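Structure file model_10.csv with CSV, C-alpha atoms:
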chain,number,residue,atom,x,y,z
A,1,MET,CA,5.4,26.2,31.6
A,2,ASN,CA,9.2,26.5,31.5
A,3,MET,CA,10.0,28.1,28.2
A,4,ASN,CA,13.4,26.4,28.0
A,5,GLU,CA,12.2,22.9,28.4
A,6,PHE,CA,11.1,21.0,25.4
A,7,GLU,CA,7.3,20.7,25.3
A,8,PRO,CA,6.2,18.0,22.9
A,9,LYS,CA,3.4,18.7,20.5
A,10,ILE,CA,1.0,15.8,20.5
A,11,VAL,CA,-1.9,15.3,18.1
A,12,ALA,CA,-4.7,12.9,19.2
A,13,PHE,CA,-7.0,11.3,16.7
A,14,VAL,CA,-9.9,9.9,18.6
A,15,CYS,CA,-13.3,8.4,17.7
A,16,ASN,CA,-16.4,10.3,18.6
A,17,TRP,CA,-18.2,7.5,20.5
A,18,CYS,CA,-15.6,6.2,23.0
A,19,THR,CA,-12.4,8.1,23.4
A,20,TYR,CA,-13.8,11.6,22.8
A,21,ALA,CA,-16.5,10.9,25.3
A,22,GLY,CA,-13.8,9.4,27.6
A,23,ALA,CA,-11.7,12.5,27.3
A,24,ASP,CA,-14.8,14.5,28.1
A,25,LEU,CA,-15.2,12.4,31.2
A,26,THR,CA,-11.6,13.1,32.2
A,27,GLY,CA,-12.5,16.8,32.1
A,28,THR,CA,-15.8,16.5,34.0
A,29,SER,CA,-14.1,14.3,36.6
A,30,ARG,CA,-11.6,17.2,37.0
A,31,ILE,CA,-8.6,15.0,36.4
A,32,LYS,CA,-5.6,17.1,35.5
A,33,TYR,CA,-3.4,15.9,32.6
A,34,ALA,CA,-0.7,17.2,30.3
A,35,GLN,CA,-1.8,20.1,28.1
A,36,ASN,CA,0.3,19.1,25.1
A,37,VAL,CA,-2.4,17.2,23.3
A,38,LYS,CA,-4.6,18.6,20.6
A,39,ILE,CA,-7.6,16.4,20.2
A,40,ILE,CA,-9.2,15.8,16.8
A,41,ARG,CA,-12.5,14.1,16.7
A,42,PHE,CA,-13.5,11.5,14.1
A,43,PRO,CA,-16.7,9.6,13.6
A,44,CYS,CA,-14.7,6.3,14.0
A,45,THR,CA,-11.2,5.0,14.1
A,46,GLY,CA,-12.0,3.4,10.8
A,47,ARG,CA,-12.2,6.9,9.4
A,48,ILE,CA,-8.7,7.9,10.5
A,49,ASP,CA,-6.8,7.9,7.2
A,50,PHE,CA,-3.1,6.9,7.6
A,51,MET,CA,-2.1,10.0,5.6
A,52,LEU,CA,-3.5,12.2,8.4
A,53,LEU,CA,-0.9,10.7,10.8
A,54,LEU,CA,1.9,11.4,8.3
A,55,LYS,CA,0.6,14.9,7.8
A,56,SER,CA,0.8,15.6,11.5
A,57,PHE,CA,4.5,14.7,11.6
A,58,GLY,CA,4.9,16.8,8.5
A,59,GLU,CA,3.3,19.8,10.2
A,60,GLY,CA,5.5,19.5,13.2
A,61,ALA,CA,3.9,17.0,15.6
A,62,ASP,CA,6.4,15.2,17.9
A,63,GLY,CA,4.0,12.5,18.8
A,64,ILE,CA,0.6,11.1,17.9
A,65,ILE,CA,-2.1,9.3,19.8
A,66,VAL,CA,-4.7,7.3,18.0
A,67,SER,CA,-7.5,6.0,20.1
A,68,GLY,CA,-11.0,4.5,19.8
A,69,CYS,CA,-13.5,2.0,21.1
A,70,HIS,CA,-12.4,-1.3,22.6
A,71,PRO,CA,-12.8,-4.3,20.2
A,72,ASN,CA,-16.4,-5.4,20.1
A,73,ASP,CA,-17.6,-1.9,21.3
A,74,CYS,CA,-17.5,-0.1,18.0
A,75,HIS,CA,-20.5,2.1,17.4
A,76,TYR,CA,-20.4,0.9,13.7
A,77,THR,CA,-19.8,-2.7,14.8
A,78,SER,CA,-16.5,-3.2,13.0
A,79,GLY,CA,-14.8,0.1,12.3
A,80,ASN,CA,-12.1,-0.5,15.0
A,81,PHE,CA,-11.4,-4.0,13.8
A,82,HIS,CA,-10.7,-2.7,10.3
A,83,ALA,CA,-8.6,0.1,11.8
A,84,ARG,CA,-6.6,-2.4,13.8
A,85,ARG,CA,-5.6,-4.3,10.7
A,86,ARG,CA,-4.7,-1.1,9.0
A,87,TRP,CA,-2.6,0.0,12.0
A,88,ILE,CA,-0.7,-3.3,12.0
A,89,MET,CA,0.2,-2.9,8.3
A,90,PHE,CA,0.9,0.8,8.6
A,91,ARG,CA,3.1,0.4,11.7
A,92,GLY,CA,5.1,-2.3,9.9
A,93,LEU,CA,5.6,-0.1,6.9
A,94,LEU,CA,6.6,3.0,8.9
A,95,ASP,CA,9.0,1.0,10.9
A,96,PHE,CA,10.6,-0.4,7.8
A,97,LEU,CA,10.9,3.2,6.4
A,98,GLY,CA,12.7,4.3,9.6
A,99,ILE,CA,9.8,6.5,10.8
A,100,ASP,CA,9.9,6.3,14.6
A,101,VAL,CA,6.9,4.2,15.6
A,102,ARG,CA,7.5,4.9,19.3
A,103,ARG,CA,6.0,8.3,18.6
A,104,ILE,CA,2.6,6.9,17.7
A,105,GLN,CA,0.6,5.5,20.6
A,106,TYR,CA,-2.4,3.5,19.8
A,107,SER,CA,-5.0,2.8,22.5
A,108,TRP,CA,-8.5,1.7,23.3
A,109,VAL,CA,-10.2,4.2,25.6
A,110,SER,CA,-13.9,3.7,26.3
A,111,ALA,CA,-16.4,6.5,27.3
A,112,ALA,CA,-16.1,5.3,30.9
A,113,GLU,CA,-12.3,5.4,31.1
A,114,GLY,CA,-11.6,9.0,31.9
A,115,ALA,CA,-8.7,8.1,34.1
A,116,LYS,CA,-7.2,5.8,31.5
A,117,TRP,CA,-7.3,8.7,29.0
A,118,ALA,CA,-5.4,11.0,31.4
A,119,ASP,CA,-2.9,8.2,31.9
A,120,VAL,CA,-2.5,7.5,28.1
A,121,VAL,CA,-1.8,11.2,27.5
A,122,ASN,CA,0.6,11.6,30.4
A,123,THR,CA,2.7,8.5,29.6
A,124,THR,CA,2.8,9.5,26.0
A,125,VAL,CA,3.9,13.0,26.8
A,126,THR,CA,6.6,11.7,29.2
A,127,ALA,CA,7.8,9.2,26.5
A,128,ILE,CA,8.0,11.8,23.8
A,129,ARG,CA,9.7,14.3,26.1
A,130,GLU,CA,12.4,11.7,26.6
A,131,LEU,CA,12.7,11.1,22.8
A,132,GLY,CA,13.0,14.8,22.2
A,133,PRO,CA,11.7,16.8,19.2
A,134,TYR,CA,11.2,14.8,16.0
A,135,THR,CA,14.1,16.5,14.2
A,136,ASP,CA,14.6,13.7,11.6
A,137,TYR,CA,11.2,14.2,10.2
A,138,ALA,CA,11.3,18.0,10.6
A,139,LYS,CA,14.4,18.2,8.5
A,140,VAL,CA,12.7,16.3,5.7
A,141,ALA,CA,9.5,18.4,6.0
A,142,GLY,CA,11.5,21.7,6.1
A,143,TYR,CA,13.8,20.9,3.2
A,144,LEU,CA,14.5,24.1,1.2
A,145,GLU,CA,13.2,26.2,4.0
A,146,LYS,CA,15.5,28.8,5.5
A,147,GLU,CA,18.0,27.5,7.9
A,148,GLY,CA,17.0,28.1,11.5
A,149,THR,CA,13.3,28.0,10.7
A,150,VAL,CA,13.0,24.2,11.4
B,1,MET,CA,5.4,-20.0,-29.5
B,2,LYS,CA,3.7,-21.2,-32.6
B,3,GLU,CA,0.9,-22.6,-30.4
B,4,LEU,CA,0.3,-19.1,-28.9
B,5,ILE,CA,0.2,-17.4,-32.3
B,6,GLN,CA,-2.2,-20.1,-33.8
B,7,LYS,CA,-4.5,-19.9,-30.8
B,8,ALA,CA,-4.5,-16.1,-30.9
B,9,ALA,CA,-5.3,-16.1,-34.6
B,10,SER,CA,-8.1,-18.5,-34.2
B,11,LEU,CA,-9.6,-16.5,-31.4
B,12,LEU,CA,-9.7,-13.4,-33.6
B,13,GLU,CA,-10.9,-15.3,-36.7
B,14,SER,CA,-13.8,-16.9,-34.8
B,15,ASN,CA,-14.5,-13.5,-33.3
B,16,THR,CA,-14.4,-15.0,-29.8
B,17,VAL,CA,-12.3,-12.0,-28.9
B,18,GLN,CA,-11.8,-8.6,-30.6
B,19,VAL,CA,-8.3,-7.8,-29.4
B,20,ILE,CA,-5.2,-9.7,-28.3
B,21,ILE,CA,-3.1,-8.1,-25.6
B,22,GLY,CA,0.4,-9.5,-26.0
B,23,TYR,CA,4.1,-8.8,-26.3
B,24,GLY,CA,5.7,-7.6,-29.5
B,25,LYS,CA,8.9,-6.1,-30.7
B,26,GLY,CA,9.8,-2.8,-29.0
B,27,SER,CA,12.6,-0.3,-29.5
B,28,VAL,CA,16.2,-1.6,-29.7
B,29,ASP,CA,16.1,-5.1,-28.2
B,30,ARG,CA,13.2,-4.6,-25.9
B,31,THR,CA,9.6,-5.8,-26.0
B,32,ARG,CA,6.5,-3.8,-25.6
B,33,ALA,CA,2.8,-4.4,-25.3
B,34,ILE,CA,0.9,-4.8,-28.6
B,35,PHE,CA,-2.8,-4.9,-29.3
B,36,ILE,CA,-3.7,-7.1,-32.2
B,37,ILE,CA,-7.1,-6.8,-33.9
B,38,HIS,CA,-6.4,-8.7,-37.2
B,39,ALA,CA,-5.6,-12.4,-37.2
B,40,ALA,CA,-2.9,-11.9,-39.8
B,41,ASP,CA,-0.9,-9.7,-37.4
B,42,CYS,CA,-0.7,-12.5,-34.8
B,43,GLU,CA,2.7,-13.3,-36.2
B,44,GLN,CA,4.0,-10.3,-34.4
B,45,LEU,CA,3.5,-12.0,-31.0
B,46,ILE,CA,6.6,-12.9,-29.2
B,47,PHE,CA,7.3,-14.4,-25.8
B,48,ASP,CA,10.7,-14.7,-24.1
B,49,SER,CA,12.6,-13.7,-21.0
B,50,ARG,CA,12.4,-10.0,-21.9
B,51,CYS,CA,8.7,-9.9,-21.6
B,52,ILE,CA,8.5,-8.6,-18.0
B,53,GLN,CA,5.9,-5.9,-18.4
B,54,ASN,CA,2.6,-6.8,-16.6
B,55,LEU,CA,0.0,-6.8,-19.3
B,56,ALA,CA,-2.9,-7.1,-16.8
B,57,VAL,CA,-2.6,-3.3,-16.3
B,58,TYR,CA,-4.5,-2.9,-19.6
B,59,LEU,CA,-7.5,-5.0,-18.6
B,60,THR,CA,-9.0,-2.2,-16.6
B,61,LYS,CA,-8.3,0.6,-19.0
B,62,ALA,CA,-11.3,2.2,-20.6
B,63,GLU,CA,-9.5,2.5,-24.0
B,64,ILE,CA,-9.0,-1.2,-24.1
B,65,LYS,CA,-12.4,-2.1,-22.9
B,66,LYS,CA,-13.8,-0.1,-25.8
B,67,MET,CA,-12.0,-2.4,-28.2
B,68,GLY,CA,-14.2,-5.4,-27.2
B,69,LYS,CA,-13.5,-8.6,-25.4
B,70,PRO,CA,-9.8,-9.2,-24.9
B,71,ALA,CA,-7.5,-12.2,-24.8
B,72,ILE,CA,-4.3,-11.7,-22.8
B,73,VAL,CA,-0.9,-13.3,-22.9
B,74,ALA,CA,-0.3,-14.1,-19.3
B,75,PRO,CA,2.9,-15.5,-17.7
B,76,ILE,CA,2.7,-16.2,-14.0
B,77,PRO,CA,3.0,-12.7,-12.6
B,78,VAL,CA,0.2,-11.6,-15.0
B,79,LEU,CA,-1.9,-14.6,-13.9
B,80,ARG,CA,-1.6,-13.5,-10.3
B,81,SER,CA,-2.6,-9.9,-11.1
B,82,ILE,CA,-5.6,-11.2,-13.1
B,83,LEU,CA,-6.7,-13.3,-10.1
B,84,GLN,CA,-6.3,-10.3,-7.8
B,85,LEU,CA,-8.3,-8.1,-10.2
B,86,ALA,CA,-11.0,-10.8,-10.3
B,87,ALA,CA,-11.0,-11.0,-6.5
B,88,GLU,CA,-11.7,-7.2,-6.5
B,89,ASN,CA,-14.5,-7.7,-9.0
B,90,GLN,CA,-12.6,-5.8,-11.7
B,91,ILE,CA,-12.8,-8.8,-14.1
B,92,VAL,CA,-15.8,-11.0,-14.5
B,93,ASP,CA,-15.5,-14.7,-15.6
B,94,GLY,CA,-16.1,-15.0,-19.3
B,95,ASN,CA,-15.2,-11.4,-20.2
B,96,VAL,CA,-11.5,-12.2,-20.9
B,97,VAL,CA,-9.7,-15.1,-22.5
B,98,VAL,CA,-6.5,-15.9,-20.6
B,99,LEU,CA,-3.7,-17.3,-22.7
B,100,GLY,CA,-1.4,-18.6,-19.9
B,101,VAL,CA,2.2,-19.1,-20.5
B,102,SER,CA,4.0,-21.6,-18.1
B,103,PRO,CA,7.6,-21.0,-17.0
B,104,GLU,CA,8.6,-23.6,-19.7
B,105,SER,CA,6.9,-21.3,-22.2
B,106,GLU,CA,4.1,-23.7,-22.9
B,107,LEU,CA,0.6,-22.4,-23.6
B,108,ILE,CA,-2.0,-23.1,-20.9
B,109,GLU,CA,-5.7,-22.5,-21.5
B,110,PHE,CA,-8.0,-21.6,-18.6
B,111,GLU,CA,-11.7,-22.4,-18.7
B,112,SER,CA,-12.4,-20.0,-15.8
B,113,LEU,CA,-10.8,-17.7,-13.3
B,114,ALA,CA,-11.2,-20.5,-10.8
B,115,ALA,CA,-8.9,-22.6,-12.9
B,116,ILE,CA,-6.2,-19.9,-12.7
B,117,GLU,CA,-6.4,-20.1,-8.9
B,118,THR,CA,-6.1,-23.9,-9.0
B,119,TYR,CA,-3.0,-23.6,-11.3
B,120,LEU,CA,-1.4,-20.9,-9.1
B,121,SER,CA,-2.0,-22.9,-5.9
B,122,THR,CA,1.1,-24.9,-6.7
B,123,LYS,CA,3.1,-21.7,-7.5
B,124,GLN,CA,2.9,-19.6,-4.4
B,125,ILE,CA,4.5,-16.2,-4.2
B,126,ALA,CA,7.9,-16.6,-2.6
B,127,ILE,CA,10.2,-13.7,-1.7
B,128,GLU,CA,13.7,-14.5,-3.0
B,129,GLU,CA,16.4,-15.1,-0.5
B,130,LYS,CA,18.5,-12.1,-1.7
B,131,TYR,CA,15.5,-9.8,-1.1
B,132,ARG,CA,14.8,-11.3,2.3
B,133,ALA,CA,18.5,-10.6,3.2
B,134,THR,CA,18.3,-7.0,2.0
B,135,ILE,CA,15.0,-6.4,3.9
B,136,GLU,CA,16.6,-7.9,7.0
B,137,SER,CA,19.7,-5.8,6.6
B,138,ILE,CA,17.6,-2.6,6.5
B,139,LYS,CA,15.4,-3.7,9.4
B,140,VAL,CA,18.4,-4.1,11.8
B,141,LEU,CA,19.6,-0.5,11.2
B,142,PRO,CA,19.0,2.0,14.0
B,143,VAL,CA,15.8,3.9,13.2
B,144,SER,CA,17.6,7.2,12.3
B,145,GLU,CA,19.9,5.4,9.8
B,146,ARG,CA,17.0,3.5,8.3
B,147,PHE,CA,15.2,6.8,7.8
B,148,ALA,CA,18.3,8.3,6.3
B,149,PHE,CA,18.6,5.3,4.0
B,150,TRP,CA,15.1,5.7,2.6
B,151,VAL,CA,15.3,9.5,2.3
B,152,LYS,CA,18.4,9.1,0.3
B,153,GLU,CA,16.8,6.4,-1.9
B,154,LEU,CA,13.6,8.3,-2.4
B,155,GLU,CA,15.6,11.5,-3.2
B,156,LEU,CA,15.8,10.2,-6.8
B,157,CYS,CA,12.0,10.2,-7.2
B,158,PHE,CA,10.7,13.0,-9.4
B,159,LYS,CA,7.1,11.7,-9.4
B,160,CYS,CA,6.7,10.5,-12.9
B,161,TYR,CA,4.2,8.0,-11.4
B,162,ALA,CA,5.5,5.3,-13.8
B,163,CYS,CA,5.2,2.9,-10.8
B,164,ARG,CA,1.5,3.7,-10.6
B,165,ALA,CA,1.0,3.4,-14.3
B,166,ALA,CA,2.8,0.1,-14.5
B,167,CYS,CA,0.8,-1.5,-11.6
B,168,PRO,CA,-2.2,-3.5,-12.6
B,169,LEU,CA,-3.7,-2.9,-9.2
B,170,CYS,CA,-3.5,0.9,-9.3
B,171,TYR,CA,-6.6,1.2,-11.4
B,172,CYS,CA,-8.4,4.1,-9.7
B,173,THR,CA,-9.4,6.7,-12.3
B,174,ARG,CA,-8.9,9.5,-9.8
B,175,CYS,CA,-5.9,9.5,-7.6
B,176,THR,CA,-5.0,11.5,-4.4
B,177,VAL,CA,-1.8,12.8,-6.1
B,178,GLU,CA,-3.9,14.5,-8.8
B,179,SER,CA,-6.1,16.2,-6.2
B,180,ASN,CA,-4.9,19.8,-5.6
B,181,GLN,CA,-7.7,21.3,-3.6
B,182,PRO,CA,-6.1,20.7,-1.1
B,183,GLN,CA,-2.8,19.5,-2.4
B,184,TRP,CA,-2.2,16.4,-0.3
B,185,ILE,CA,1.1,15.4,-1.7
B,186,SER,CA,3.6,17.9,-3.1
B,187,VAL,CA,4.1,17.3,-6.8
B,188,ALA,CA,7.7,18.7,-6.7
B,189,SER,CA,10.6,16.3,-6.0
B,190,HIS,CA,10.6,17.3,-2.4
B,191,PRO,CA,11.7,14.7,0.2
B,192,LEU,CA,8.5,15.0,2.2
B,193,GLY,CA,6.2,14.6,-0.8
B,194,ASN,CA,8.4,11.7,-2.1
B,195,LEU,CA,8.1,10.0,1.3
B,196,GLU,CA,4.4,10.5,1.5
B,197,TRP,CA,3.8,9.3,-2.1
B,198,HIS,CA,5.6,6.1,-1.5
B,199,VAL,CA,4.0,5.5,1.9
B,200,MET,CA,0.6,6.0,0.2
B,201,ARG,CA,1.4,3.8,-2.7
B,202,ALA,CA,2.6,1.0,-0.5
B,203,MET,CA,-0.3,1.3,1.9
B,204,HIS,CA,-2.8,1.2,-1.0
B,205,LEU,CA,-1.2,-2.0,-2.1
B,206,ALA,CA,-1.1,-3.6,1.3
B,207,GLY,CA,-2.4,-7.1,1.2
B,208,ARG,CA,-3.2,-6.7,-2.5
B,209,CYS,CA,0.3,-6.6,-4.1
B,210,THR,CA,1.1,-9.8,-5.9
B,211,ASP,CA,4.9,-9.1,-6.1
B,212,CYS,CA,5.1,-8.8,-9.9
B,213,GLU,CA,7.7,-6.0,-9.6
B,214,ALA,CA,6.2,-4.1,-12.5
B,215,CYS,CA,6.6,-0.9,-10.4
B,216,TYR,CA,10.3,-1.5,-9.8
B,217,ASN,CA,10.9,-2.4,-13.5
B,218,ALA,CA,9.1,0.7,-14.6
B,219,CYS,CA,11.0,3.1,-12.3
B,220,PRO,CA,13.4,5.1,-14.4
B,221,MET,CA,15.6,5.8,-11.4
B,222,GLY,CA,15.8,2.2,-10.2
B,223,ILE,CA,14.5,3.1,-6.7
B,224,PRO,CA,14.0,-0.2,-4.8
B,225,ILE,CA,10.3,0.4,-4.1
B,226,ASN,CA,9.7,-3.3,-4.5
B,227,LEU,CA,11.3,-3.7,-1.1
B,228,LEU,CA,8.4,-1.8,0.5
B,229,THR,CA,5.8,-4.0,-1.1
B,230,LYS,CA,7.8,-7.1,-0.4
B,231,SER,CA,8.3,-6.1,3.3
B,232,MET,CA,4.5,-5.6,3.5
B,233,LEU,CA,3.8,-8.9,1.9
B,234,GLN,CA,6.0,-10.4,4.6
B,235,ASP,CA,4.0,-8.5,7.2
B,236,VAL,CA,0.7,-9.8,5.8
B,237,SER,CA,1.9,-13.3,6.0
B,238,ASP,CA,3.4,-12.9,9.5
B,239,ASN,CA,0.3,-11.2,11.0
B,240,PHE,CA,-2.7,-12.7,9.1
B,241,GLY,CA,-1.3,-15.8,7.6
B,242,THR,CA,-2.6,-15.1,4.1
B,243,TYR,CA,-0.4,-14.9,1.1
B,244,GLY,CA,-1.2,-14.2,-2.6
B,245,PRO,CA,-4.4,-13.6,-4.5
B,246,SER,CA,-7.5,-15.7,-4.0
B,247,LEU,CA,-11.1,-15.6,-5.2
B,248,SER,CA,-12.4,-17.2,-2.0
B,249,LYS,CA,-10.5,-15.1,0.6
B,250,ASP,CA,-11.2,-11.5,1.4
B,251,ASN,CA,-8.6,-8.9,1.0
B,252,THR,CA,-6.4,-8.3,4.0
B,253,LEU,CA,-7.5,-4.8,4.7
B,254,SER,CA,-11.1,-5.1,3.7
B,255,SER,CA,-11.7,-7.9,6.2
B,256,PHE,CA,-10.7,-8.7,9.8
B,257,LYS,CA,-10.8,-11.3,12.5
B,258,PRO,CA,-12.1,-10.3,16.0
B,259,ASP,CA,-9.0,-12.0,17.4
B,260,ASP,CA,-6.3,-10.3,15.2
B,261,LYS,CA,-3.2,-10.1,17.3
B,262,GLU,CA,-1.1,-7.1,17.9
B,263,SER,CA,1.2,-6.0,20.8
B,264,PHE,CA,1.2,-2.2,20.5
B,265,ILE,CA,-2.3,-1.0,21.4
B,266,ARG,CA,-2.8,-0.1,25.1
Give the structure from the file, written as structure tokens.
Amino acid sequence: MNMNEFEPKIVAFVCNWCTYAGADLTGTSRIKYAQNVKIIRFPCTGRIDFMLLLKSFGEGADGIIVSGCHPNDCHYTSGNFHARRRWIMFRGLLDFLGIDVRRIQYSWVSAAEGAKWADVVNTTVTAIRELGPYTDYAKVAGYLEKEGTV
Amino acid sequence: MKELIQKAASLLESNTVQVIIGYGKGSVDRTRAIFIIHAADCEQLIFDSRCIQNLAVYLTKAEIKKMGKPAIVAPIPVLRSILQLAAENQIVDGNVVVLGVSPESELIEFESLAAIETYLSTKQIAIEEKYRATIESIKVLPVSERFAFWVKELELCFKCYACRAACPLCYCTRCTVESNQPQWISVASHPLGNLEWHVMRAMHLAGRCTDCEACYNACPMGIPINLLTKSMLQDVSDNFGTYGPSLSKDNTLSSFKPDDKESFIR
């Protein structure tokens, strides 16, 4: 890794049944993909509280991936349908507040889509690398901290 | 107004209800919520354009429930809140007497909660043109400027939670902002905590807000938080086609359609 180049910090919130298993398949298939992503496993996309996404930005994430089972494939029947509605509302609110919604990538990745997972991560990392560090949010999160620490 | 006072007094005299929640004289020339338990005190009830507080907020309070069955003075914004509370099973038919007040200040009596819905069906929530224009003017700003605009506006917030206290739909008895193990949202007037608090408040009202503006009216700093809920109301209508409270329809975020449309999920 080149130390001078900006390496985006990406947090991925994924569901246990599809995307986590899909990401596992990416590994067992020995597909290489960007190392910038930190995967956090949830029981279901329906469990991913919107505050967790905000908290990631607050803690210094430059980008976020939220991923789960395709519609109709939810382990709990309807968790992803509820999540989808919440994402639609949340995205609209964040956009209105001026939080950069291009930094949050939503996707459906099934347990069989190891290659898609690698692609989702790679394209997200490329996109965030182009957008640069999320300084707008970091300034707000680091308010009152010593200059230069943000 | 005589009609309202007479009706309220007769309700108390006949012991149909034990408390009247209405508007009375407040400090200087303002009005405030009053709780009347004696028929003779019903003379204190007033109703005019200054009565903007949303009284429905008291219906879910334990202190008020303890007083017995209430009757509530309800102009249109309060009626909408009552309907939403009923849709969320917070009010049961027959447990509250609703003394509706029409825009022409006439008393309307409702036999049931369903009758409120029928009455409101001709009075749909409509976002005023000036608000639509303001929301549009914010939406067209570049993302950084929009963020700066809101950070600046929310800078004034010192988390008195008056917006939460004034909102009839913020009825949880425990709230995330009071939880401090861990502390989710900073209690200080820090820009990050301010932003998080207002995102959380707005999200928890998504698809439930009835646009009564009690939060905005209660804010001592005049932060335009009503723009957030109005913008979300618009989003609900654009994406899911529903608008306003209803006993027969499910809440936006507690229901779904398998073919809900979006354009941002890969």
May I ask which of the residues A:Ser107, A:Asn122, A:Thr135, A:Thr45 is the closest one to chain B, counting all atoms listed in the file?
-> A:Ser107
Distance query Ala166 in chain B at most 7 Å, only C-alpha atoms, self and fewer than 5 positions along chain excluded, as JSON, numbers by chain | {"B": [57, 214, 215, 218]}
Residues of chain B within 7 Å of chain A, only C-alpha atoms counted, as a list in words |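 So the contacting residues turn out to be Lys139, Val143, Ser144, Arg146, Phe147, Trp150, Pro191, Leu192, Met203, Met232, Asp235, Leu253, Ser255, Phe256, Pro258, Phe264, Ile265 and Arg266 of chain B.
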10 Å contact set for Thr126 in chain A, only C-alpha atoms, chain neighbours under 6 positions out, as a PyMOL selection string | chain A and resi 7-8+34+132
For CA of Asp119 in chain A and CA of Cys18 in chain A, quote the distance in Å rounded to one decimal.
-> 15.6 Å
Separation of CA of Thr28 in chain A from CA of Trp117 in chain A, in Å and rounded to one decimal |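 Between these atoms lies a distance of 12.6 Å.
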Gap from CA of Ser186 in chain B to CA of Pro224 in chain B - Å, one decimal | 20.9 Å
